[in-house]
file data-v3.cif (mmCIF, C-alpha atoms)
data_upload
loop_
_atom_site.label_atom_id
_atom_site.label_comp_id
_atom_site.auth_asym_id
_atom_site.auth_seq_id
_atom_site.Cartn_x
_atom_site.Cartn_y
_atom_site.Cartn_z
CA MET M 1 -2.03 4.17 -4.33
CA GLN M 2 -1.97 3.17 -0.67
CA VAL M 3 -2.50 6.80 0.38
CA SER M 4 -5.70 7.04 -1.68
CA LEU M 5 -6.90 3.64 -0.51
CA GLY M 6 -6.15 4.57 3.08
CA GLN M 7 -8.23 7.72 2.83
CA HIS M 8 -11.01 5.78 1.11
CA SER M 9 -11.00 3.24 3.96
CA LEU M 10 -11.95 5.90 6.49
CA LYS M 11 -15.46 5.95 5.03
CA SER M 12 -15.72 2.56 3.32
CA GLY M 13 -14.34 0.28 6.03
CA THR M 14 -12.25 -1.58 3.44
CA LEU M 15 -8.54 -1.26 2.74
CA ALA M 16 -8.78 -2.26 -0.92
CA LEU M 17 -11.28 -2.02 -3.76
CA ASN M 18 -13.10 -4.90 -5.39
CA SER M 19 -12.25 -5.52 -9.03
CA THR M 20 -15.24 -3.59 -10.42
CA GLU M 21 -14.53 -0.54 -8.25
CA ALA M 22 -10.86 -0.78 -9.16
CA GLU M 23 -11.64 -0.73 -12.90
CA PHE M 24 -13.79 2.40 -12.60
CA CYS M 25 -11.42 4.19 -10.23
CA PHE M 26 -8.39 3.39 -12.35
CA SER M 27 -10.09 4.54 -15.53
CA ASP M 28 -11.30 7.78 -13.93
CA THR M 29 -7.86 8.46 -12.45
CA LEU M 30 -6.13 7.92 -15.80
CA SER M 31 -8.63 10.14 -17.60
CA LEU M 32 -8.13 12.92 -15.07
CA LEU M 33 -4.34 12.64 -15.16
CA ILE M 34 -4.33 12.78 -18.95
CA SER M 35 -6.65 15.81 -18.88
CA LEU M 36 -4.15 17.47 -16.52
CA GLY M 37 -1.34 16.89 -19.03
CA ALA M 38 0.06 13.50 -18.06
CA ASN M 39 1.46 11.25 -20.76
CA SER M 40 -1.28 8.96 -22.08
CA SER M 41 0.95 5.95 -21.41
CA VAL M 42 1.50 6.81 -17.71
CA ALA M 43 -0.09 3.52 -16.61
CA LYS M 44 2.23 1.49 -18.82
CA LEU M 45 5.27 3.53 -17.80
CA CYS M 46 4.51 2.90 -14.12
CA SER M 47 3.35 -0.71 -14.51
CA ALA M 48 0.03 0.37 -13.07
CA GLU M 49 -3.20 -1.53 -13.53
CA PRO M 50 -6.60 -1.75 -11.84
CA ALA M 51 -5.49 -4.83 -9.88
CA ASN M 52 -3.09 -2.58 -7.97
CA LEU M 53 -6.12 -1.05 -6.26
CA THR M 54 -7.38 -4.40 -5.01
CA GLY M 55 -6.02 -6.45 -2.13
CA GLY M 56 -4.74 -9.05 -4.56
CA LEU M 57 -4.50 -12.42 -2.86
CA CYS M 58 -4.60 -11.06 0.69
CA PRO M 59 -7.48 -12.58 2.67
CA VAL M 60 -7.79 -9.55 5.01
CA MET M 61 -9.21 -6.41 3.45
CA GLY M 62 -11.69 -5.06 5.97
CA VAL M 63 -10.61 -2.49 8.54
CA LYS M 64 -12.39 -4.38 11.36
CA ASP M 65 -10.64 -7.65 10.46
CA PHE M 66 -7.32 -5.85 10.22
CA LEU M 67 -7.76 -4.25 13.64
CA GLN M 68 -8.60 -7.60 15.24
CA LEU M 69 -5.59 -9.32 13.72
CA VAL M 70 -2.77 -6.77 13.87
CA ASN M 71 -1.07 -5.06 16.79
CA THR M 72 -1.70 -1.60 15.38
CA THR M 73 0.03 0.18 18.24
CA ARG M 74 3.28 -1.60 17.45
CA PHE M 75 2.77 -0.98 13.71
CA LEU M 76 2.25 2.76 14.23
CA GLU M 77 5.21 3.03 16.60
CA ALA M 78 7.51 1.33 14.10
CA CYS M 79 6.25 3.01 10.95
CA GLN M 80 4.74 6.41 11.77
CA SER M 81 8.06 8.01 10.93
CA VAL M 82 10.62 6.32 8.71
CA ASP M 83 14.17 7.61 8.85
CA PRO M 84 15.55 6.69 5.41
CA LEU M 85 19.11 6.50 6.67
CA LYS M 86 18.28 3.99 9.41
CA GLU M 87 15.59 2.15 7.48
CA CYS M 88 17.77 1.62 4.44
CA THR M 89 20.76 0.35 6.40
CA GLU M 90 21.16 -2.74 8.49
CA GLU M 91 18.90 -1.33 11.23
CA PRO M 92 15.44 -1.13 9.66
CA VAL M 93 12.58 -0.51 12.08
CA CYS M 94 9.42 -0.49 9.98
CA GLN M 95 10.24 -3.13 7.36
CA PRO M 96 10.53 -6.08 9.78
CA VAL M 97 7.25 -5.14 11.44
CA LEU M 98 5.55 -4.76 8.06
CA ASN M 99 6.91 -8.12 6.93
CA ASN M 100 5.58 -9.81 10.08
CA ILE M 101 2.19 -8.19 9.57
CA GLY M 102 2.10 -9.42 5.97
CA ILE M 103 2.90 -12.95 7.15
CA GLN M 104 0.34 -12.75 9.94
CA MET M 105 -2.40 -11.53 7.58
CA ALA M 106 -1.58 -14.16 4.96
CA ALA M 107 -1.22 -17.04 7.43
CA GLY M 108 -4.87 -18.05 7.20
CA LEU M 109 -4.37 -19.07 3.57
CA PHE M 110 -1.26 -21.11 4.26
CA HIS M 111 -2.22 -23.37 7.14
CA LYS M 112 -4.52 -23.29 10.10
CA SER M 113 -1.45 -23.74 12.27
CA ASP M 114 0.62 -20.97 13.80
CA GLN M 115 2.65 -20.19 10.68
CA ALA M 116 2.42 -16.48 11.45
CA ASN M 117 5.32 -16.91 13.84
CA GLN M 118 7.55 -18.61 11.27
CA ALA M 119 10.02 -16.45 9.39
CA ILE M 120 10.29 -18.75 6.36
CA ILE M 121 7.80 -18.25 3.55
CA GLU M 122 7.59 -20.69 0.69
CA PRO M 123 8.17 -19.15 -2.78
CA GLY M 124 4.54 -19.47 -3.88
CA GLN M 125 3.36 -17.68 -0.76
CA GLN M 126 5.46 -14.53 -1.10
CA GLN M 127 2.96 -12.81 -3.42
CA VAL M 128 0.23 -13.23 -0.80
CA VAL M 129 2.51 -11.69 1.82
CA ASN M 130 3.36 -8.81 -0.55
CA ASP M 131 -0.33 -8.18 -1.22
CA CYS M 132 -1.04 -8.19 2.53
CA GLN M 133 1.80 -5.74 3.13
CA ASN M 134 0.20 -3.39 0.61
CA VAL M 135 -3.16 -3.70 2.39
CA ALA M 136 -1.39 -2.95 5.69
CA LEU M 137 0.23 0.11 4.12
CA SER M 138 -3.23 1.35 3.15
CA TRP M 139 -4.26 1.16 6.80
CA LEU M 140 -1.08 2.94 7.86
CA ALA M 141 -1.78 5.69 5.32
CA SER M 142 -5.27 6.14 6.75
CA GLN M 143 -3.78 6.76 10.19
CA LEU M 144 -1.01 9.11 9.14
CA GLY M 145 -2.91 11.37 6.76
CA PRO M 146 -1.99 12.00 3.12
CA GLU M 147 1.12 14.16 3.51
CA LYS M 148 2.85 12.15 6.23
CA ALA M 149 1.82 8.85 4.61
CA ASN M 150 3.29 9.97 1.31
CA THR M 151 6.64 10.68 2.99
CA VAL M 152 6.68 7.40 4.91
CA LEU M 153 5.76 5.34 1.84
CA ARG M 154 8.35 7.09 -0.32
CA ASN M 155 11.04 6.32 2.25
CA LEU M 156 10.01 2.67 2.52
CA ILE M 157 9.80 2.21 -1.24
CA SER M 158 13.16 3.88 -1.83
CA CYS M 159 14.77 1.45 0.62
CA LYS M 160 13.29 -1.50 -1.24
CA VAL M 161 14.32 -0.13 -4.63
CA ASN M 162 17.85 0.65 -3.46
CA ARG M 163 18.21 -2.85 -2.02
CA GLY M 164 16.78 -4.48 -5.11
CA GLY M 165 13.75 -5.71 -3.21
CA HIS M 166 10.14 -4.93 -3.89
CA PHE M 167 6.79 -4.12 -2.35
CA SER M 168 4.89 -6.12 -4.91
CA SER M 169 3.99 -3.57 -7.57
CA SER M 170 4.28 -0.56 -5.27
CA SER M 171 7.86 0.30 -6.06
CA LYS M 172 7.02 0.38 -9.75
CA MET M 173 4.04 2.59 -9.06
CA LEU M 174 5.64 5.43 -7.11
CA VAL M 175 5.23 7.83 -10.02
CA PHE M 176 1.63 6.74 -10.52
CA ALA M 177 0.91 7.17 -6.80
CA LEU M 178 2.31 10.68 -6.93
CA ALA M 179 0.14 11.37 -9.97
CA VAL M 180 -2.91 10.21 -8.00
CA ARG M 181 -1.90 12.62 -5.26
CA VAL M 182 -1.82 15.43 -7.84
CA ARG M 183 -5.26 14.30 -9.02
CA ASN M 184 -6.62 14.38 -5.46
CA GLN M 185 -5.24 17.86 -4.94
CA ALA M 186 -6.78 19.03 -8.22
CA LEU M 187 -10.16 17.61 -7.15
CA LEU M 188 -9.85 19.34 -3.79
CA ASN M 189 -9.03 22.63 -5.50
CA MET M 190 -12.07 22.24 -7.76
CA GLN M 191 -14.28 21.68 -4.70
CA LEU M 192 -12.95 24.86 -3.11
CA LEU M 193 -13.89 26.97 -6.15
#
call {"tool": "encode", "arguments": {"input": "data-v3.cif", "output": "structure tokens"}}
result
Amino acid sequence: MQVSLGQHSLKSGTLALNSTEAEFCFSDTLSLLISLGANSSVAKLCSAEPANLTGGLCPVMGVKDFLQLVNTTRFLEACQSVDPLKECTEEPVCQPVLNNIGIQMAAGLFHKSDQANQAIIEPGQQQVVNDCQNVALSWLASQLGPEKANTVLRNLISCKVNRGGHFSSSSKMLVFALAVRVRNQALLNMQLL
């Protein structure tokens, strides 16, 4: 999902869809996937829903706001290439940076103080941080391009799944995200005809 949202952000200036756009996009994507032979219950199987296309509770969804808030150079350096062996062991490079970005983006909802520098997140705040991490991953995907972003996101998600962690709903949606990629390729092929 983040790969598609990242590519969409290049023209829209937003890293997530509003709820109305998400409903239409999700419905269209499901219809196309089913027409291409996907199981009609693919959304249920992957725990996918229109809300996965929105920024959830994250207060930062615009590209301009993101660029003003986040050290994108550091983010790209840490996450432009994810070595699954290193990232999934005790020496992760991208995950700590992504976590800090999620905290930094979510901090405005928590307190007006400098909570972005605190490593402890209260239980009720973790969903906001997760949603902000997903928004950040959309930006990362926009910078890497679809193929490279797909590889990076797969590596990150597999680390989280193997450790028993989660990227909000992203780890559950890997199959759906790959199906969206197939959909995008099919649309591209139709445009070439």
call {"tool": "residues_around", "arguments": {"input": "data-v3.cif", "residues": "Ser9 in chain M", "least_positions_apart": "2", "cutoff": "12 Å", "atoms": "all atoms listed in the file", "output": "NGL selection string"}}
result
:M and (2-7 or 11-17 or 61-64 or 66 or 135-143 or 145)
call {"tool": "write_last_selection", "arguments": {"input": "data-v3.cif", "atoms": "C-alpha atoms", "output": "PDB file, keeping the file's coordinate frame"}}
result
ATOM      1  CA  GLN M   2      -1.970   3.170  -0.670  1.00  0.00           C
ATOM      2  CA  VAL M   3      -2.500   6.800   0.380  1.00  0.00           C
ATOM      3  CA  SER M   4      -5.700   7.040  -1.680  1.00  0.00           C
ATOM      4  CA  LEU M   5      -6.900   3.640  -0.510  1.00  0.00           C
ATOM      5  CA  GLY M   6      -6.150   4.570   3.080  1.00  0.00           C
ATOM      6  CA  GLN M   7      -8.230   7.720   2.830  1.00  0.00           C
ATOM      7  CA  LYS M  11     -15.460   5.950   5.030  1.00  0.00           C
ATOM      8  CA  SER M  12     -15.720   2.560   3.320  1.00  0.00           C
ATOM      9  CA  GLY M  13     -14.340   0.280   6.030  1.00  0.00           C
ATOM     10  CA  THR M  14     -12.250  -1.580   3.440  1.00  0.00           C
ATOM     11  CA  LEU M  15      -8.540  -1.260   2.740  1.00  0.00           C
ATOM     12  CA  ALA M  16      -8.780  -2.260  -0.920  1.00  0.00           C
ATOM     13  CA  LEU M  17     -11.280  -2.020  -3.760  1.00  0.00           C
ATOM     14  CA  MET M  61      -9.210  -6.410   3.450  1.00  0.00           C
ATOM     15  CA  GLY M  62     -11.690  -5.060   5.970  1.00  0.00           C
ATOM     16  CA  VAL M  63     -10.610  -2.490   8.540  1.00  0.00           C
ATOM     17  CA  LYS M  64     -12.390  -4.380  11.360  1.00  0.00           C
ATOM     18  CA  PHE M  66      -7.320  -5.850  10.220  1.00  0.00           C
ATOM     19  CA  VAL M 135      -3.160  -3.700   2.390  1.00  0.00           C
ATOM     20  CA  ALA M 136      -1.390  -2.950   5.690  1.00  0.00           C
ATOM     21  CA  LEU M 137       0.230   0.110   4.120  1.00  0.00           C
ATOM     22  CA  SER M 138      -3.230   1.350   3.150  1.00  0.00           C
ATOM     23  CA  TRP M 139      -4.260   1.160   6.800  1.00  0.00           C
ATOM     24  CA  LEU M 140      -1.080   2.940   7.860  1.00  0.00           C
ATOM     25  CA  ALA M 141      -1.780   5.690   5.320  1.00  0.00           C
ATOM     26  CA  SER M 142      -5.270   6.140   6.750  1.00  0.00           C
ATOM     27  CA  GLN M 143      -3.780   6.760  10.190  1.00  0.00           C
ATOM     28  CA  GLY M 145      -2.910  11.370   6.760  1.00  0.00           C
TER      29      GLY M 145
END
call {"tool": "atom_distance", "arguments": {"input": "data-v3.cif", "atom1": "CA of Asn155 in chain M", "atom2": "CA of Ala78 in chain M"}}
result
13.3 Å
call {"tool": "atom_distance", "arguments": {"input": "data-v3.cif", "atom1": "CA of Ile101 in chain M", "atom2": "CA of Leu85 in chain M"}}
result
22.6 Å
call {"tool": "closest_residue", "arguments": {"input": "data-v3.cif", "among": "M:Leu45, M:Val152, M:Met1, M:Val70", "to": "Val82 in chain M", "atoms": "all atoms listed in the file"}}
result
M:Val152
call {"tool": "atom_distance", "arguments": {"input": "data-v3.cif", "atom1": "CA of Ser81 in chain M", "atom2": "CA of Asn99 in chain M"}}
result
16.7 Å
call {"tool": "closest_residue", "arguments": {"input": "data-v3.cif", "among": "M:Thr29, M:Thr20, M:Ser35, M:Gln125", "to": "Met105 in chain M", "atoms": "all atoms listed in the file"}}
result
M:Gln125
call {"tool": "residues_around", "arguments": {"input": "data-v3.cif", "residues": "Cys25 in chain M", "least_positions_apart": "6", "cutoff": "10 Å", "atoms": "only C-alpha atoms", "output": "number ranges by chain"}}
result
M: 17, 19, 31, 50, 53
call {"tool": "write_last_selection", "arguments": {"input": "data-v3.cif", "atoms": "C-alpha atoms", "output": "short mmCIF file (atom, residue, chain, number, x, y, z; two decimals), keeping the file's coordinate frame"}}
result
data_model
loop_
_atom_site.label_atom_id
_atom_site.label_comp_id
_atom_site.auth_asym_id
_atom_site.auth_seq_id
_atom_site.Cartn_x
_atom_site.Cartn_y
_atom_site.Cartn_z
CA LEU M 17 -11.28 -2.02 -3.76
CA SER M 19 -12.25 -5.52 -9.03
CA SER M 31 -8.63 10.14 -17.60
CA PRO M 50 -6.60 -1.75 -11.84
CA LEU M 53 -6.12 -1.05 -6.26
#
call {"tool": "closest_residue", "arguments": {"input": "data-v3.cif", "among": "M:Ala51, M:Cys79, M:Leu67, M:Val128", "to": "Asn18 in chain M", "atoms": "all atoms listed in the file"}}
result
M:Ala51
call {"tool": "resolve_selection", "arguments": {"input": "data-v3.cif", "expression": "the PyMOL selection byres ((chain M and resi 94) around 8)", "output": "list in words"}}
result
Phe75, Ala78, Cys79, Val82, Glu87, Pro92, Val93, Gln95, Pro96, Val97 and Leu98 of chain M
call {"tool": "closest_residue", "arguments": {"input": "data-v3.cif", "among": "M:Cys88, M:Leu36, M:Ala107, M:Leu69", "to": "Leu57 in chain M", "atoms": "all atoms listed in the file"}}
result
M:Ala107
call {"tool": "resolve_selection", "arguments": {"input": "data-v3.cif", "expression": "the PyMOL selection byres ((chain M and resi 106) around 10)", "output": "list in words"}}
result
Leu57, Cys58, Pro59, Val60, Asn100, Ile101, Gly102, Ile103, Gln104, Met105, Ala107, Gly108, Leu109, Phe110, His111, Gln115, Ala116, Gln125, Gln126, Gln127, Val128, Val129, Asn130, Asp131, Cys132 and Gln133 of chain M
call {"tool": "write_last_selection", "arguments": {"input": "data-v3.cif", "atoms": "C-alpha atoms", "output": "PDB file, keeping the file's coordinate frame"}}
result
ATOM      1  CA  LEU M  57      -4.500 -12.420  -2.860  1.00  0.00           C
ATOM      2  CA  CYS M  58      -4.600 -11.060   0.690  1.00  0.00           C
ATOM      3  CA  PRO M  59      -7.480 -12.580   2.670  1.00  0.00           C
ATOM      4  CA  VAL M  60      -7.790  -9.550   5.010  1.00  0.00           C
ATOM      5  CA  ASN M 100       5.580  -9.810  10.080  1.00  0.00           C
ATOM      6  CA  ILE M 101       2.190  -8.190   9.570  1.00  0.00           C
ATOM      7  CA  GLY M 102       2.100  -9.420   5.970  1.00  0.00           C
ATOM      8  CA  ILE M 103       2.900 -12.950   7.150  1.00  0.00           C
ATOM      9  CA  GLN M 104       0.340 -12.750   9.940  1.00  0.00           C
ATOM     10  CA  MET M 105      -2.400 -11.530   7.580  1.00  0.00           C
ATOM     11  CA  ALA M 107      -1.220 -17.040   7.430  1.00  0.00           C
ATOM     12  CA  GLY M 108      -4.870 -18.050   7.200  1.00  0.00           C
ATOM     13  CA  LEU M 109      -4.370 -19.070   3.570  1.00  0.00           C
ATOM     14  CA  PHE M 110      -1.260 -21.110   4.260  1.00  0.00           C
ATOM     15  CA  HIS M 111      -2.220 -23.370   7.140  1.00  0.00           C
ATOM     16  CA  GLN M 115       2.650 -20.190  10.680  1.00  0.00           C
ATOM     17  CA  ALA M 116       2.420 -16.480  11.450  1.00  0.00           C
ATOM     18  CA  GLN M 125       3.360 -17.680  -0.760  1.00  0.00           C
ATOM     19  CA  GLN M 126       5.460 -14.530  -1.100  1.00  0.00           C
ATOM     20  CA  GLN M 127       2.960 -12.810  -3.420  1.00  0.00           C
ATOM     21  CA  VAL M 128       0.230 -13.230  -0.800  1.00  0.00           C
ATOM     22  CA  VAL M 129       2.510 -11.690   1.820  1.00  0.00           C
ATOM     23  CA  ASN M 130       3.360  -8.810  -0.550  1.00  0.00           C
ATOM     24  CA  ASP M 131      -0.330  -8.180  -1.220  1.00  0.00           C
ATOM     25  CA  CYS M 132      -1.040  -8.190   2.530  1.00  0.00           C
ATOM     26  CA  GLN M 133       1.800  -5.740   3.130  1.00  0.00           C
TER      27      GLN M 133
END
call {"tool": "axis_aligned_box", "arguments": {"input": "data-v3.cif", "around": "range 27-46 of chain M", "padding_each_side": "4 Å", "output": "lines of an AutoDock Vina configuration file"}}
result
center_x = -3.0
center_y = 9.5
center_z = -17.3
size_x = 24.6
size_y = 24.0
size_z = 17.6
call {"tool": "closest_residue", "arguments": {"input": "data-v3.cif", "among": "M:Leu153, M:Gly56, M:Leu32, M:Phe24", "to": "Asp83 in chain M", "atoms": "only C-alpha atoms"}}
result
M:Leu153
